[in-house]
Amino acid sequence: MKVSVDHARCEGHGLCAEQAPGVFSLNDDAELTHHFEGAEIPDEHRTASRAAAGACPVGALRVVS
Ligand code: SF4
């Protein structure tokens with residue numbers, strides 16, 4: 001699975017980074033880094049990644065099978 005991120009929609013709330021800190025992080029300017037952007041999410045991060053996508057309040061994350 002992959003998780004796509006709509007950077008234009010992201011508002012830097014950081015809920016994704018709380019749910020999946022191994023996949024998402026925010027810098028001091030609340031800019032999101034997706035550590036597996038365009039790549040397969042490793043097995044050990046998949047459950048957390050799904051939770052992160054569900055937690056995003058603006059729907060900026062989408063799970064792609
Ligand atoms: S939870 Fe959504 S809006 Fe917040 S940083 Fe993550 S992708 Fe962006």
# chains A, B, ... in the order shown; residues from 1 in each chain; ligands from 1

call {"tool": "closest_atom_pairs", "arguments": {"of": "chain A", "to": "ligand 1", "cutoff": "9 Å", "atoms": "only C-alpha atoms and all ligand atoms", "output": "JSON lines"}}
result
{"residue": "A:Val5", "atom": "CA", "partner": "ligand 1", "partner_atom_place_in_ligand_line": "7 (S)", "distance": 6.5}
{"residue": "A:Asp6", "atom": "CA", "partner": "ligand 1", "partner_atom_place_in_ligand_line": "7 (S)", "distance": 7.5}
{"residue": "A:His7", "atom": "CA", "partner": "ligand 1", "partner_atom_place_in_ligand_line": "8 (Fe)", "distance": 7.3}
{"residue": "A:Arg9", "atom": "CA", "partner": "ligand 1", "partner_atom_place_in_ligand_line": "3 (S)", "distance": 6.9}
{"residue": "A:Cys10", "atom": "CA", "partner": "ligand 1", "partner_atom_place_in_ligand_line": "8 (Fe)", "distance": 3.7}
{"residue": "A:Glu11", "atom": "CA", "partner": "ligand 1", "partner_atom_place_in_ligand_line": "3 (S)", "distance": 4.3}
{"residue": "A:Gly12", "atom": "CA", "partner": "ligand 1", "partner_atom_place_in_ligand_line": "5 (S)", "distance": 3.7}
{"residue": "A:His13", "atom": "CA", "partner": "ligand 1", "partner_atom_place_in_ligand_line": "4 (Fe)", "distance": 3.5}
{"residue": "A:Gly14", "atom": "CA", "partner": "ligand 1", "partner_atom_place_in_ligand_line": "5 (S)", "distance": 3.9}
{"residue": "A:Leu15", "atom": "CA", "partner": "ligand 1", "partner_atom_place_in_ligand_line": "1 (S)", "distance": 4.2}
{"residue": "A:Cys16", "atom": "CA", "partner": "ligand 1", "partner_atom_place_in_ligand_line": "1 (S)", "distance": 4.2}
{"residue": "A:Ala17", "atom": "CA", "partner": "ligand 1", "partner_atom_place_in_ligand_line": "6 (Fe)", "distance": 6.4}
{"residue": "A:Glu18", "atom": "CA", "partner": "ligand 1", "partner_atom_place_in_ligand_line": "1 (S)", "distance": 8.5}
{"residue": "A:Gln19", "atom": "CA", "partner": "ligand 1", "partner_atom_place_in_ligand_line": "1 (S)", "distance": 8.9}
{"residue": "A:Phe24", "atom": "CA", "partner": "ligand 1", "partner_atom_place_in_ligand_line": "6 (Fe)", "distance": 7.4}
{"residue": "A:Ser25", "atom": "CA", "partner": "ligand 1", "partner_atom_place_in_ligand_line": "5 (S)", "distance": 7.8}
{"residue": "A:Leu26", "atom": "CA", "partner": "ligand 1", "partner_atom_place_in_ligand_line": "5 (S)", "distance": 6.9}
{"residue": "A:Ala30", "atom": "CA", "partner": "ligand 1", "partner_atom_place_in_ligand_line": "5 (S)", "distance": 7.3}
{"residue": "A:Glu31", "atom": "CA", "partner": "ligand 1", "partner_atom_place_in_ligand_line": "5 (S)", "distance": 7.4}
{"residue": "A:Leu32", "atom": "CA", "partner": "ligand 1", "partner_atom_place_in_ligand_line": "5 (S)", "distance": 5.6}
{"residue": "A:Thr33", "atom": "CA", "partner": "ligand 1", "partner_atom_place_in_ligand_line": "5 (S)", "distance": 8.6}
{"residue": "A:His34", "atom": "CA", "partner": "ligand 1", "partner_atom_place_in_ligand_line": "7 (S)", "distance": 8.8}
{"residue": "A:Ala52", "atom": "CA", "partner": "ligand 1", "partner_atom_place_in_ligand_line": "1 (S)", "distance": 6.8}
{"residue": "A:Ala53", "atom": "CA", "partner": "ligand 1", "partner_atom_place_in_ligand_line": "1 (S)", "distance": 7.4}
{"residue": "A:Gly54", "atom": "CA", "partner": "ligand 1", "partner_atom_place_in_ligand_line": "1 (S)", "distance": 8.7}
{"residue": "A:Ala55", "atom": "CA", "partner": "ligand 1", "partner_atom_place_in_ligand_line": "1 (S)", "distance": 6.3}
{"residue": "A:Cys56", "atom": "CA", "partner": "ligand 1", "partner_atom_place_in_ligand_line": "1 (S)", "distance": 3.7}
{"residue": "A:Pro57", "atom": "CA", "partner": "ligand 1", "partner_atom_place_in_ligand_line": "2 (Fe)", "distance": 5.9}
{"residue": "A:Val58", "atom": "CA", "partner": "ligand 1", "partner_atom_place_in_ligand_line": "3 (S)", "distance": 5.7}
{"residue": "A:Gly59", "atom": "CA", "partner": "ligand 1", "partner_atom_place_in_ligand_line": "2 (Fe)", "distance": 6.4}
{"residue": "A:Ala60", "atom": "CA", "partner": "ligand 1", "partner_atom_place_in_ligand_line": "7 (S)", "distance": 5.0}
{"residue": "A:Leu61", "atom": "CA", "partner": "ligand 1", "partner_atom_place_in_ligand_line": "7 (S)", "distance": 5.6}

call {"tool": "select_by_dssp", "arguments": {"residues": "chain A", "states": "helix (DSSP H, G or I)", "output": "ChimeraX atom specification"}}
result
/A:15-19,43-55

call {"tool": "write_last_selection", "arguments": {"atoms": "C-alpha atoms", "output": "mmCIF file, in the first residue's frame"}}
result
data_model
loop_
_atom_site.group_PDB
_atom_site.id
_atom_site.type_symbol
_atom_site.label_atom_id
_atom_site.label_comp_id
_atom_site.auth_asym_id
_atom_site.auth_seq_id
_atom_site.Cartn_x
_atom_site.Cartn_y
_atom_site.Cartn_z
ATOM 1 C CA LEU A 15 -2.309 14.497 13.731
ATOM 2 C CA CYS A 16 -0.788 12.182 11.148
ATOM 3 C CA ALA A 17 2.640 12.525 12.739
ATOM 4 C CA GLU A 18 1.135 11.674 16.119
ATOM 5 C CA GLN A 19 -0.474 8.530 14.701
ATOM 6 C CA ASP A 43 4.565 -3.564 6.740
ATOM 7 C CA GLU A 44 5.377 -2.353 10.231
ATOM 8 C CA HIS A 45 4.006 1.121 9.465
ATOM 9 C CA ARG A 46 0.814 0.165 7.657
ATOM 10 C CA THR A 47 -1.620 0.083 10.570
ATOM 11 C CA ALA A 48 -0.362 3.425 11.850
ATOM 12 C CA SER A 49 -0.494 4.887 8.355
ATOM 13 C CA ARG A 50 -4.142 3.943 7.980
ATOM 14 C CA ALA A 51 -4.865 5.531 11.352
ATOM 15 C CA ALA A 52 -3.037 8.663 10.246
ATOM 16 C CA ALA A 53 -5.085 8.909 7.087
ATOM 17 C CA GLY A 54 -8.260 8.556 9.133
ATOM 18 C CA ALA A 55 -7.130 11.181 11.614
#

call {"tool": "residues_around", "arguments": {"residues": "A:Lys2", "least_positions_apart": "4", "cutoff": "9 Å", "atoms": "only C-alpha atoms", "output": "PDB file with N, CA and C atoms, in the first residue's frame"}}
result
ATOM      1  N   PHE A  36       7.687   8.209   3.101  1.00  0.00           N
ATOM      2  CA  PHE A  36       7.539   7.159   2.087  1.00  0.00           C
ATOM      3  C   PHE A  36       6.685   7.655   0.921  1.00  0.00           C
ATOM      4  N   GLU A  37       6.785   8.935   0.621  1.00  0.00           N
ATOM      5  CA  GLU A  37       5.969   9.507  -0.454  1.00  0.00           C
ATOM      6  C   GLU A  37       6.315   8.829  -1.779  1.00  0.00           C
ATOM      7  N   GLY A  38       5.302   8.310  -2.438  1.00  0.00           N
ATOM      8  CA  GLY A  38       5.503   7.642  -3.716  1.00  0.00           C
ATOM      9  C   GLY A  38       6.062   6.236  -3.596  1.00  0.00           C
ATOM     10  N   ALA A  39       6.255   5.790  -2.358  1.00  0.00           N
ATOM     11  CA  ALA A  39       6.859   4.475  -2.134  1.00  0.00           C
ATOM     12  C   ALA A  39       5.902   3.597  -1.321  1.00  0.00           C
ATOM     13  N   GLU A  40       6.166   2.310  -1.340  1.00  0.00           N
ATOM     14  CA  GLU A  40       5.384   1.378  -0.535  1.00  0.00           C
ATOM     15  C   GLU A  40       5.634   1.634   0.949  1.00  0.00           C
ATOM     16  N   ILE A  41       4.550   1.646   1.716  1.00  0.00           N
ATOM     17  CA  ILE A  41       4.689   1.763   3.167  1.00  0.00           C
ATOM     18  C   ILE A  41       5.156   0.413   3.710  1.00  0.00           C
ATOM     19  N   ARG A  46       2.079   0.096   8.393  1.00  0.00           N
ATOM     20  CA  ARG A  46       0.814   0.165   7.657  1.00  0.00           C
ATOM     21  C   ARG A  46      -0.381   0.476   8.547  1.00  0.00           C
ATOM     22  N   ARG A  62      -4.540   9.914   1.621  1.00  0.00           N
ATOM     23  CA  ARG A  62      -5.383   8.891   1.008  1.00  0.00           C
ATOM     24  C   ARG A  62      -4.590   7.603   0.883  1.00  0.00           C
ATOM     25  N   VAL A  63      -5.179   6.523   1.384  1.00  0.00           N
ATOM     26  CA  VAL A  63      -4.549   5.218   1.267  1.00  0.00           C
ATOM     27  C   VAL A  63      -4.805   4.682  -0.126  1.00  0.00           C
ATOM     28  N   VAL A  64      -3.733   4.272  -0.801  1.00  0.00           N
ATOM     29  CA  VAL A  64      -3.820   3.722  -2.138  1.00  0.00           C
ATOM     30  C   VAL A  64      -3.318   2.284  -2.077  1.00  0.00           C
ATOM     31  N   SER A  65      -4.175   1.356  -2.423  1.00  0.00           N
ATOM     32  CA  SER A  65      -3.785  -0.065  -2.334  1.00  0.00           C
ATOM     33  C   SER A  65      -2.879  -0.456  -3.472  1.00  0.00           C
TER      34      SER A  65
END
